[in-house]
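Trainee: Below: one structure in structure tokens.
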Amino acid sequence: MTDSNGSSNGSSAKTPEWTPDSWRSKPIKQAPDYPNKAAVTKSVAELKRLPPIVHPREIVRLKEHLRDVARGEAFLLQGGDCAELFDYCEQSVIESKIKLLLQMSLVLIWGADKRIVRIGRMAGQYAKPRSSPMETVDGKQVPSFRGDILNGYQLDERELDPQRLVKAYHHSAATLNYIRASIASGIADLHRPLDWGLGHVRDPALKAKYSEAVKFLTDMLRFMHTIGAAQNDKLDTVDLFTSHEGLLLEYEESLTRLLDDPLSHTVPAPGQPRPTPRKEYYDTSAHFLWIGDRTRQIDHAHVEFFRGIANPIGVKVGPSTPTSDLLALLRTLNPSREEGKITLITRYGADRVGDLLPQHIRAVEDSEYKRCVVWQCDPMHGNTKSTATGIKTRHFKDIFEELRQTLRIHKEQGSYLGGVHLELTGDAVTECLGGSEGLDEDDLSTNYTSFCDPRLNEKQALELAFLVADHYRC
Ligand code: PEP
Ligand code: MN
């Protein structure tokens, strides 16, 4: 195999020939048609010169965690905004999301009795697929908002702007820098009292259940603190990996680098020369990337790009995924059958999951990919509805219902539901209906701030974690 500069590398041959830009010869969905091509070339050249955002060693560590998830030994919690904005690159927004993911993972540890792997839809979730390139605003046709990496939400910023590619890099890097700094400085310090605020839970039975879990967790943390176990167990430092949809391939290609595989750095025997480390292509824009529901055509550009990178990758699977495509995708994206390399992110909707998931599970688990994938439930994207006045929302009960059925179906089929994929925010937004606060349609206007899909607020997200934990404990 050769890289884009024509030099050879030591990684295993991928057939047919793959290069970071081989996707360019394939048909592509959701591609931007930039008016100013020279400006794109300039931005891409700038990105290619900038250092990786994440390191291969971190990517490899996440791969090891995901292998444990595929084996049923750990559980994956992935969450964050539908569309992350450059404006979210701000201390309190980042902190509240880290804290929420941490708090949810504590609840899940209590329930599932497993190690939790955390991945944020953060530090790069800037590109959005759209059903139509144009939309009507105030009776006028305008280009749709496609995420901050492409254009702005304000109506006077809707033209595609190639300089946003470089801005996305800097906002990703600044966000990840603050995530790393916060974690290293003890934001995840579990000895500090956490605010579990259950005041909003109206149902007395639910409240009693959640209070029992919180008491257990608080006692456990206090006990560990007393005996000094937390320090020794590294519970005071946690990993939080980053992810986004790998939609804008100009950006992903620019940050894809041929780098040493950290696992191939072996110590030579005495007197022997140091062996040349194996090299792999890592997409250094994030630890984990996924292919969206609209771009997973087997012979198209996104699958072509993804088949060459060494990162762990996700594939959204929904009602429009033919069962036969699933195996074709696995064989193309993971021909060497690395355990945990592929996460199948299923998102059918509460009313369809019962019909569709069992056949998808059987296709994979009866093939050579048995126990090789991570099965993850995204109970958000199949459950989006519009209110009579046209507000995009999701009902908490549909979200939980899809998750509940997914858990049940995996149990029946003998497979392992290894994770959840959620759209959430640490802020008190009112975008999804229901939950213990009982948000109704009139409440949606109180604090609806998403520029794309509706997210669970902090209380709804924690409640979902409690419900999943409860499922495992029963
Ligand atoms: C998303 O995750 O925000 C998304 C667009 O999902 P999907 O590709 O499953 O529709
Ligand atoms: Mn979304």
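Ligands are numbered from 1 in the order shown, chains are lettered A, B, ... in the order of the structure tokens, and residues start at 1 in each chain.
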Using only C-alpha atoms, tabulate the residues of segment 136-227 of chain A lying at most 9 Å from any atom of segment 89-101 of chain A, each with its closest atom pair and that distance in Å to one decimal, by chain and increasing residue number, as a tab-separated table.
Mentor:
```
residue	atom	partner	partner_atom	distance
A:His171	CA	A:Cys89	CA	6.4
A:Ser172	CA	A:Cys89	CA	8.1
A:Ala174	CA	A:Cys89	CA	7.2
A:Thr175	CA	A:Cys89	CA	5.6
A:Tyr178	CA	A:Gln91	CA	7.6
A:Ile179	CA	A:Ile94	CA	7.1
A:Ser182	CA	A:Glu95	CA	7.7
A:Ile183	CA	A:Ile98	CA	8.7
A:Ile187	CA	A:Lys99	CA	7.5
A:Ala188	CA	A:Lys99	CA	7.1
```
Trainee: Now that the selection is made, can you save its residues with N, CA and C atoms as a short mmCIF file (atom, residue, chain, number, x, y, z; two decimals), in the first residue's frame?
Mentor:
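New file again17.cif:
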```cif
data_model
loop_
_atom_site.label_atom_id
_atom_site.label_comp_id
_atom_site.auth_asym_id
_atom_site.auth_seq_id
_atom_site.Cartn_x
_atom_site.Cartn_y
_atom_site.Cartn_z
N HIS A 171 -11.50 24.62 17.41
CA HIS A 171 -12.52 24.44 18.47
C HIS A 171 -12.48 23.01 19.04
N SER A 172 -12.22 22.03 18.18
CA SER A 172 -12.06 20.66 18.67
C SER A 172 -10.89 20.58 19.63
N ALA A 174 -9.38 22.93 21.30
CA ALA A 174 -9.56 23.68 22.56
C ALA A 174 -10.52 22.93 23.49
N THR A 175 -11.56 22.33 22.91
CA THR A 175 -12.51 21.57 23.74
C THR A 175 -11.82 20.36 24.37
N TYR A 178 -9.50 21.23 27.14
CA TYR A 178 -10.14 21.51 28.43
C TYR A 178 -10.71 20.23 29.06
N ILE A 179 -11.16 19.30 28.23
CA ILE A 179 -11.61 18.00 28.78
C ILE A 179 -10.42 17.33 29.49
N SER A 182 -9.45 19.27 32.67
CA SER A 182 -10.42 19.12 33.76
C SER A 182 -10.30 17.75 34.40
N ILE A 183 -10.15 16.75 33.57
CA ILE A 183 -10.07 15.40 34.13
C ILE A 183 -8.78 15.23 34.92
N ILE A 187 -11.91 17.02 38.01
CA ILE A 187 -13.35 17.24 37.84
C ILE A 187 -14.10 15.93 38.10
N ALA A 188 -13.40 14.83 37.83
CA ALA A 188 -14.04 13.53 38.02
C ALA A 188 -13.72 12.97 39.40
#
```
Trainee: Taking only C-alpha atoms and all ligand atoms into account, which residues are within 10 Å of ligand 1, as a ChimeraX atom specification?
Mentor: /A:79-83,121,125,127-131,244-245,247,290-296,315-318,345-348,378-382,384,421-423,452-454
Trainee: Save the residues we just selected, N, CA and C atoms, as a tab-separated table (two decimals), in the first residue's frame?
Mentor:
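Listing of result.tsv after writing:
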```
chain	number	residue	atom	x	y	z
A	79	GLY	N	-22.42	9.92	24.53
A	79	GLY	CA	-23.47	10.94	24.53
A	79	GLY	C	-22.92	12.33	24.33
A	80	GLY	N	-23.83	13.20	23.89
A	80	GLY	CA	-23.49	14.61	23.69
A	80	GLY	C	-24.51	15.24	22.77
A	81	ASP	N	-24.15	16.40	22.24
A	81	ASP	CA	-25.10	17.13	21.40
A	81	ASP	C	-25.33	16.46	20.07
A	82	CYS	N	-26.50	16.77	19.48
A	82	CYS	CA	-26.73	16.35	18.09
A	82	CYS	C	-25.76	17.14	17.22
A	83	ALA	N	-25.85	18.46	17.31
A	83	ALA	CA	-24.92	19.33	16.58
A	83	ALA	C	-24.18	20.16	17.61
A	121	ARG	N	-19.95	12.73	22.45
A	121	ARG	CA	-20.18	13.31	21.12
A	121	ARG	C	-19.70	14.75	21.28
A	125	GLN	N	-18.13	17.34	16.84
A	125	GLN	CA	-19.43	16.92	16.25
A	125	GLN	C	-20.06	18.12	15.52
A	127	ALA	N	-20.50	18.50	11.93
A	127	ALA	CA	-21.06	18.36	10.58
A	127	ALA	C	-22.37	17.57	10.65
A	128	LYS	N	-23.42	18.08	10.03
A	128	LYS	CA	-24.73	17.42	10.10
A	128	LYS	C	-25.24	17.03	8.72
A	129	PRO	N	-25.69	15.76	8.58
A	129	PRO	CA	-26.37	15.39	7.34
A	129	PRO	C	-27.76	16.03	7.33
A	130	ARG	N	-28.27	16.41	6.19
A	130	ARG	CA	-29.59	17.03	6.14
A	130	ARG	C	-30.44	16.32	5.11
A	131	SER	N	-31.78	16.30	5.37
A	131	SER	CA	-32.65	15.64	4.39
A	131	SER	C	-32.78	16.48	3.13
A	244	HIS	N	-17.24	11.81	16.72
A	244	HIS	CA	-18.21	12.54	15.90
A	244	HIS	C	-18.54	11.74	14.66
A	245	GLU	N	-19.59	12.17	13.95
A	245	GLU	CA	-19.91	11.52	12.68
A	245	GLU	C	-18.85	11.95	11.66
A	247	LEU	N	-18.46	12.80	8.61
A	247	LEU	CA	-19.30	13.16	7.45
A	247	LEU	C	-18.52	13.95	6.41
A	290	TRP	N	-18.11	7.70	13.48
A	290	TRP	CA	-19.13	6.80	12.97
A	290	TRP	C	-19.65	7.25	11.60
A	291	ILE	N	-20.20	6.27	10.88
A	291	ILE	CA	-20.82	6.52	9.58
A	291	ILE	C	-22.32	6.67	9.84
A	292	GLY	N	-22.90	7.76	9.34
A	292	GLY	CA	-24.30	8.03	9.60
A	292	GLY	C	-25.23	7.15	8.78
A	293	ASP	N	-26.49	7.22	9.13
A	293	ASP	CA	-27.52	6.41	8.48
A	293	ASP	C	-27.66	6.74	6.99
A	294	ARG	N	-27.30	7.98	6.62
A	294	ARG	CA	-27.51	8.38	5.21
A	294	ARG	C	-26.28	8.20	4.33
A	295	THR	N	-25.18	7.77	4.92
A	295	THR	CA	-23.95	7.70	4.11
A	295	THR	C	-23.28	6.33	4.18
A	296	ARG	N	-24.06	5.27	4.50
A	296	ARG	CA	-23.38	3.98	4.66
A	296	ARG	C	-23.53	3.06	3.45
A	315	VAL	N	-21.24	2.29	12.95
A	315	VAL	CA	-22.10	2.35	11.77
A	315	VAL	C	-23.53	2.44	12.27
A	316	LYS	N	-24.25	3.47	11.86
A	316	LYS	CA	-25.65	3.55	12.23
A	316	LYS	C	-26.43	2.52	11.42
A	317	VAL	N	-27.35	1.84	12.10
A	317	VAL	CA	-28.14	0.78	11.47
A	317	VAL	C	-29.61	1.09	11.76
A	318	GLY	N	-30.42	1.17	10.71
A	318	GLY	CA	-31.81	1.54	10.94
A	318	GLY	C	-32.77	0.76	10.08
A	345	ILE	N	-24.61	0.73	15.71
A	345	ILE	CA	-25.43	1.66	16.49
A	345	ILE	C	-26.86	1.57	15.97
A	346	THR	N	-27.71	0.80	16.65
A	346	THR	CA	-29.04	0.52	16.08
A	346	THR	C	-30.04	1.59	16.49
A	347	ARG	N	-30.85	2.02	15.52
A	347	ARG	CA	-31.80	3.12	15.76
A	347	ARG	C	-33.01	2.94	14.85
A	348	TYR	N	-34.02	2.22	15.38
A	348	TYR	CA	-35.17	1.87	14.55
A	348	TYR	C	-36.43	2.67	14.90
A	378	ASP	N	-29.08	3.32	19.93
A	378	ASP	CA	-29.35	4.76	19.86
A	378	ASP	C	-30.87	4.89	19.86
A	379	PRO	N	-31.46	5.16	21.02
A	379	PRO	CA	-32.93	5.20	21.08
A	379	PRO	C	-33.49	6.58	20.72
A	380	MET	N	-32.63	7.44	20.16
A	380	MET	CA	-33.05	8.81	19.86
A	380	MET	C	-33.56	8.95	18.42
A	381	HIS	N	-32.75	8.47	17.44
A	381	HIS	CA	-32.99	8.89	16.06
A	381	HIS	C	-34.16	8.23	15.36
A	382	GLY	N	-34.66	7.13	15.91
A	382	GLY	CA	-35.86	6.53	15.32
A	382	GLY	C	-37.13	7.06	15.98
A	384	THR	N	-37.92	10.54	16.54
A	384	THR	CA	-38.10	11.98	16.40
A	384	THR	C	-39.49	12.26	15.82
A	421	HIS	N	-26.24	5.12	23.01
A	421	HIS	CA	-25.75	6.30	22.28
A	421	HIS	C	-26.86	7.35	22.40
A	422	LEU	N	-26.57	8.44	23.10
A	422	LEU	CA	-27.64	9.38	23.44
A	422	LEU	C	-27.31	10.81	23.01
A	423	GLU	N	-28.37	11.56	22.69
A	423	GLU	CA	-28.19	13.00	22.50
A	423	GLU	C	-28.62	13.67	23.79
A	452	CYS	N	-30.42	21.49	16.13
A	452	CYS	CA	-30.66	20.30	15.30
A	452	CYS	C	-31.66	19.42	16.04
A	453	ASP	N	-31.25	18.21	16.48
A	453	ASP	CA	-32.23	17.32	17.13
A	453	ASP	C	-32.40	17.65	18.61
A	454	PRO	N	-33.59	17.31	19.16
A	454	PRO	CA	-33.85	17.54	20.60
A	454	PRO	C	-33.04	16.60	21.50
```
Trainee: Using DSSP on the backbone, list every residue of segment 190-427 of chain A that comes out as alpha helix (DSSP H), and give them as a ChimeraX atom specification.
Mentor: /A:204-227,229-232,249-254,301-306,323-333,353-365,396-413
Trainee: By how many Å are atom CA of Gln413 of chain A and atom CA of Ala363 of chain A apart?
Mentor: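 Going from atom CA of Gln413 of chain A over to atom CA of Ala363 of chain A, I get 11.4 Å.
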Trainee: With only C-alpha atoms as the basis for distance, which of A:Leu221, A:Met134, A:Val364, A:Ile309 is at the shortest distance from Thr256 of chain A?
Mentor: A:Ile309
Trainee: Of the residues A:Asp470, A:Lys114, A:Phe451, A:Leu50, which is the one nearest to ligand 2, using only C-alpha atoms and all ligand atoms?
Mentor: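 Selected residue with least distance to ligand 2: A:Phe451.
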Trainee: Let me make sure I understand: among A:Leu106, A:Leu357, A:Leu424, A:Cys377, which one has the smallest atom-to-atom distance to ligand 2 if we use only C-alpha atoms and all ligand atoms?
Mentor: A:Leu424
Trainee: So which residues touch Arg158 of chain A within 10 Å, counting only C-alpha atoms, skipping near sequence neighbours fewer than 5 positions away, as a PyMOL selection string?
Mentor: chain A and resi 142-148+150-153
Trainee: Quote the spacing between atom CA of Tyr210 of chain A and atom CA of Asp239 of chain A in Å to one decimal place.
Mentor: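 Interatomic distance, atom CA of Tyr210 of chain A to atom CA of Asp239 of chain A: 25.7 Å.
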Trainee: Between atom CA of Ile391 of chain A and atom CA of Glu458 of chain A, what is the spacing in Å?
Mentor: 20.5 Å
Trainee: For the strand (DSSP E) assignment from backbone DSSP, which residues of segment 112-267 of chain A qualify? Please present them as an mmCIF file with C-alpha atoms, in the first residue's frame.
Mentor:
```cif
data_model
loop_
_atom_site.group_PDB
_atom_site.id
_atom_site.type_symbol
_atom_site.label_atom_id
_atom_site.label_comp_id
_atom_site.auth_asym_id
_atom_site.auth_seq_id
_atom_site.Cartn_x
_atom_site.Cartn_y
_atom_site.Cartn_z
ATOM 1 C CA ARG A 115 -16.717 -1.121 33.877
ATOM 2 C CA ILE A 116 -18.067 1.806 31.856
ATOM 3 C CA VAL A 117 -16.323 3.162 28.759
ATOM 4 C CA ARG A 118 -17.232 6.830 28.154
ATOM 5 C CA ILE A 119 -17.232 8.540 24.773
ATOM 6 C CA GLY A 120 -18.491 12.105 24.287
ATOM 7 C CA ARG A 121 -20.175 13.307 21.115
ATOM 8 C CA MET A 134 -32.591 23.970 1.299
ATOM 9 C CA GLU A 135 -35.237 24.863 3.863
ATOM 10 C CA THR A 136 -38.015 27.437 4.133
ATOM 11 C CA VAL A 137 -37.563 30.160 6.749
ATOM 12 C CA LYS A 140 -38.081 32.142 1.946
ATOM 13 C CA GLN A 141 -35.922 29.289 0.619
ATOM 14 C CA VAL A 142 -32.499 29.358 2.273
ATOM 15 C CA PRO A 143 -29.622 26.827 2.436
ATOM 16 C CA PHE A 241 -12.864 9.683 24.657
ATOM 17 C CA THR A 242 -14.181 11.877 21.829
ATOM 18 C CA SER A 243 -16.285 11.053 18.777
ATOM 19 C CA HIS A 244 -18.211 12.544 15.896
ATOM 20 C CA GLU A 245 -19.908 11.524 12.685
ATOM 21 C CA THR A 256 -5.599 11.137 8.716
ATOM 22 C CA ARG A 257 -1.942 10.384 9.305
ATOM 23 C CA LEU A 258 0.323 7.397 8.758
ATOM 24 C CA LEU A 259 1.702 6.822 12.258
ATOM 25 C CA ASP A 260 3.389 4.104 14.258
#
```
Trainee: Looking at A:Ile409, A:Ala269, A:Ala388, A:Val303, which one is nearest to Val353 of chain A, with distances taken over only C-alpha atoms?
Mentor: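 Ranking A:Ile409, A:Ala269, A:Ala388, A:Val303 by distance to Val353 of chain A, first place goes to A:Ile409.
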Trainee: Find the residues near segment 440-450 of chain A: any atom within 10 Å, counting only C-alpha atoms, skip ones fewer than 5 places away on the same chain, and give them as a PyMOL selection string.
Mentor: chain A and resi 81-85+387-389+391-393+395+425+427-435+455
